[in-house]
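Written below as structure tokens is the structure these notes are about.
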Amino acid sequence: MPTKAQLDAASLYGGIMEEIKIRTLAIDAGTGGLLPLHPLIIREHCHLQLRMICELIAIACLVAHGDIKGPKIKQLRKMWAADKIMEELEKLHPDFYPQTMAQGRNELGHTLTPVNPQPLPKSDLLKMYGKCGDVLHRGTVKTLIKRGTVQIHFPEITAQAQKIHDLLAVHLVVLQGAESVFVCVLRNKDDNMNAQVSIIERPESPPPSFEPLPVSG
């Protein structure tokens, strides 16, 4: 049976997913021409949201693995940089990163099957995080000269936002010891498209079924 700490972590995890959805919508507004801003500012706006989402994913991983004990985890709770959090989490628990799943159904109920290849591996997310940081600096005179014309269309940003959605749409996080997992549905059709989180104990591979647990946004 899930502990109170795990249930609290699941609720907070779901809240982080809701914030990611808000920031994804902000990206859609920028790339869809719904913001009355110069394209240069829209580009920066979108990259800021992408970078914040990367940080939120790292923090969500930290929340999910809050039951890991030791002084190192206490230090991580004071960090915000996605690359630093993930680097240290991997040392404590190599399988900490979200795993994208395909949701199906059989006579027993809902089923989850791993998606291969994963839409946004950890290494790709960290590359995205670093690139967003580069965009959000004005750069040197040399880089300004190289920049050239102002970009009006943003297919690369749209593709990156889609990868984030694909990663998180239905995913699980294996907790330390592999005795339980968080399962998250980013937009549950049966609950007004709210994020839903479940805790499954001692899953098989893949987890056989789950019943969504409502999470406040």
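All residue names refer to the structure tokens as shown: chains lettered A, B, ... in order, residues numbered from 1 in each chain, ligands numbered from 1 in order.
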>> Quick check for you: according to DSSP on this backbone, which residues of range 54-204 of chain A are classed as helix (DSSP H, G or I)? Reply as a VMD selection string.
In response: chain A and resid 54 to 64 71 to 76 82 to 92 122 to 135 141 to 147 155 to 168 189 to 191
Please list as a compact mmCIF listing (two decimals) with N, CA and C atoms, in the first residue's frame every residue within 7 Å of Phe182 in chain A, counting only C-alpha atoms and excluding residues in the same chain fewer than 3 positions away.
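The result, written out as part19.txt:
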# COMPACT_ATOMS: atom_id res chain seq x y z
N LEU A 172 5.67 6.42 -17.02
CA LEU A 172 5.87 5.93 -15.66
C LEU A 172 7.26 6.30 -15.18
N VAL A 173 7.41 6.35 -13.87
CA VAL A 173 8.69 6.59 -13.22
C VAL A 173 8.92 5.45 -12.24
N VAL A 174 9.98 4.69 -12.44
CA VAL A 174 10.28 3.57 -11.57
C VAL A 174 10.96 4.09 -10.31
N VAL A 197 -2.37 10.68 -11.72
CA VAL A 197 -1.20 9.93 -11.27
C VAL A 197 -1.66 8.74 -10.44
N SER A 198 -1.06 7.58 -10.71
CA SER A 198 -1.31 6.37 -9.92
C SER A 198 0.00 5.86 -9.36
N ILE A 199 -0.10 5.11 -8.29
CA ILE A 199 1.06 4.41 -7.73
C ILE A 199 0.76 2.92 -7.82
N ILE A 200 1.63 2.19 -8.52
CA ILE A 200 1.49 0.74 -8.65
C ILE A 200 2.61 0.09 -7.87
> Per DSSP on the backbone, what are the strand (DSSP E or B) residues of range 43-191 of chain A, as number ranges by chain?
Replying inline: A: 99-106, 109-114, 170-174, 180-188
Could those selected residues go to a file with C-alpha atoms, as an mmCIF file, in the first residue's frame?
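part-v7.cif, written as the output of this step:
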data_model
loop_
_atom_site.group_PDB
_atom_site.id
_atom_site.type_symbol
_atom_site.label_atom_id
_atom_site.label_comp_id
_atom_site.auth_asym_id
_atom_site.auth_seq_id
_atom_site.Cartn_x
_atom_site.Cartn_y
_atom_site.Cartn_z
ATOM 1 C CA GLN A 99 9.588 6.177 -19.464
ATOM 2 C CA THR A 100 6.990 6.748 -22.180
ATOM 3 C CA MET A 101 4.269 4.101 -22.367
ATOM 4 C CA ALA A 102 1.530 3.264 -24.867
ATOM 5 C CA GLN A 103 -1.841 2.806 -23.205
ATOM 6 C CA GLY A 104 -4.088 -0.030 -24.357
ATOM 7 C CA ARG A 105 -6.850 -2.210 -23.045
ATOM 8 C CA ASN A 106 -7.597 -5.917 -22.726
ATOM 9 C CA GLY A 109 -8.431 -3.483 -18.006
ATOM 10 C CA HIS A 110 -5.887 -0.867 -19.045
ATOM 11 C CA THR A 111 -2.449 -1.975 -20.194
ATOM 12 C CA LEU A 112 0.870 -0.181 -20.582
ATOM 13 C CA THR A 113 3.507 -1.084 -23.144
ATOM 14 C CA PRO A 114 6.932 0.598 -23.356
ATOM 15 C CA VAL A 170 1.473 8.509 -20.698
ATOM 16 C CA HIS A 171 4.590 7.681 -18.724
ATOM 17 C CA LEU A 172 5.872 5.933 -15.661
ATOM 18 C CA VAL A 173 8.694 6.588 -13.221
ATOM 19 C CA VAL A 174 10.284 3.566 -11.571
ATOM 20 C CA SER A 180 6.512 0.594 -7.100
ATOM 21 C CA VAL A 181 6.090 3.093 -9.918
ATOM 22 C CA PHE A 182 4.343 6.376 -10.588
ATOM 23 C CA VAL A 183 2.092 6.198 -13.654
ATOM 24 C CA CYS A 184 1.011 9.541 -15.101
ATOM 25 C CA VAL A 185 -1.568 10.329 -17.770
ATOM 26 C CA LEU A 186 -0.963 13.936 -18.757
ATOM 27 C CA ARG A 187 -4.479 14.574 -20.081
ATOM 28 C CA ASN A 188 -7.123 12.176 -18.841
#
>> Ranking A:Ala5, A:Leu12, A:Cys54, A:Ile42 by minimum distance to Ser123 in chain A and counting only C-alpha atoms, which one comes first?
In response: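 So, comparing all the options, the nearest one is A:Cys54.
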> Which of these, A:Asp83, A:Glu107, A:Asp190, A:Met52, has the shortest distance to Ala26 in chain A once you count only C-alpha atoms?
Replying inline: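 For Ala26 in chain A, the nearest of the candidates is A:Met52.
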Contact check, range 38-130 of chain A to range 152-167 of chain A, at most 9 Å, counting only C-alpha atoms, closest pairs as JSON lines:
{"residue": "A:His38", "atom": "CA", "partner": "A:Ile152", "partner_atom": "CA", "distance": 8.9}
{"residue": "A:Pro39", "atom": "CA", "partner": "A:Ile152", "partner_atom": "CA", "distance": 5.6}
{"residue": "A:Leu40", "atom": "CA", "partner": "A:Ile152", "partner_atom": "CA", "distance": 8.1}
{"residue": "A:Arg43", "atom": "CA", "partner": "A:Phe154", "partner_atom": "CA", "distance": 7.7}
{"residue": "A:Cys46", "atom": "CA", "partner": "A:Ile157", "partner_atom": "CA", "distance": 7.2}
{"residue": "A:His47", "atom": "CA", "partner": "A:Ile157", "partner_atom": "CA", "distance": 7.6}
{"residue": "A:Leu50", "atom": "CA", "partner": "A:Ala161", "partner_atom": "CA", "distance": 7.3}
{"residue": "A:Ile53", "atom": "CA", "partner": "A:Ile164", "partner_atom": "CA", "distance": 8.5}
{"residue": "A:Cys54", "atom": "CA", "partner": "A:Ile164", "partner_atom": "CA", "distance": 8.8}
{"residue": "A:Pro98", "atom": "CA", "partner": "A:Leu167", "partner_atom": "CA", "distance": 7.6}
{"residue": "A:Gln99", "atom": "CA", "partner": "A:Leu167", "partner_atom": "CA", "distance": 7.3}
{"residue": "A:Thr100", "atom": "CA", "partner": "A:Leu167", "partner_atom": "CA", "distance": 5.3}
{"residue": "A:Met101", "atom": "CA", "partner": "A:Leu167", "partner_atom": "CA", "distance": 8.5}
{"residue": "A:Gln118", "atom": "CA", "partner": "A:Leu167", "partner_atom": "CA", "distance": 7.2}
{"residue": "A:Pro119", "atom": "CA", "partner": "A:Leu167", "partner_atom": "CA", "distance": 5.6}
{"residue": "A:Leu120", "atom": "CA", "partner": "A:Lys163", "partner_atom": "CA", "distance": 5.8}
{"residue": "A:Pro121", "atom": "CA", "partner": "A:Leu167", "partner_atom": "CA", "distance": 8.4}
{"residue": "A:Leu125", "atom": "CA", "partner": "A:Ile164", "partner_atom": "CA", "distance": 8.5}
{"residue": "A:Met128", "atom": "CA", "partner": "A:Gln160", "partner_atom": "CA", "distance": 8.0}
Test item: residues at most 8 Å from range 74-82 of chain A, only C-alpha atoms, excluding those fewer than 4 positions along its chain, as a compact mmCIF listing (two decimals) with C-alpha atoms, in the first residue's frame:
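The new file out21.txt reads:
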# COMPACT_ATOMS: atom_id res chain seq x y z
CA CYS A 54 13.16 20.91 -18.73
CA GLU A 55 13.71 22.16 -15.19
CA LEU A 56 10.19 21.09 -14.17
CA ILE A 57 10.78 17.58 -15.52
CA ALA A 58 13.99 17.35 -13.48
CA ILE A 59 12.21 18.62 -10.36
CA LEU A 62 13.28 14.59 -7.76
CA GLY A 70 20.88 10.50 2.42
CA MET A 86 19.67 14.71 -13.36
CA GLU A 88 23.17 13.53 -9.38
CA LEU A 126 19.65 17.93 -21.65
CA TYR A 129 18.10 22.52 -22.02
> So which one's closest to His137 in chain A, A:Pro117, A:Leu37, A:Glu18, A:Glu44? Using only C-alpha atoms, please.
Replying inline: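 Of all the options, A:Glu44 lies closest to His137 in chain A.
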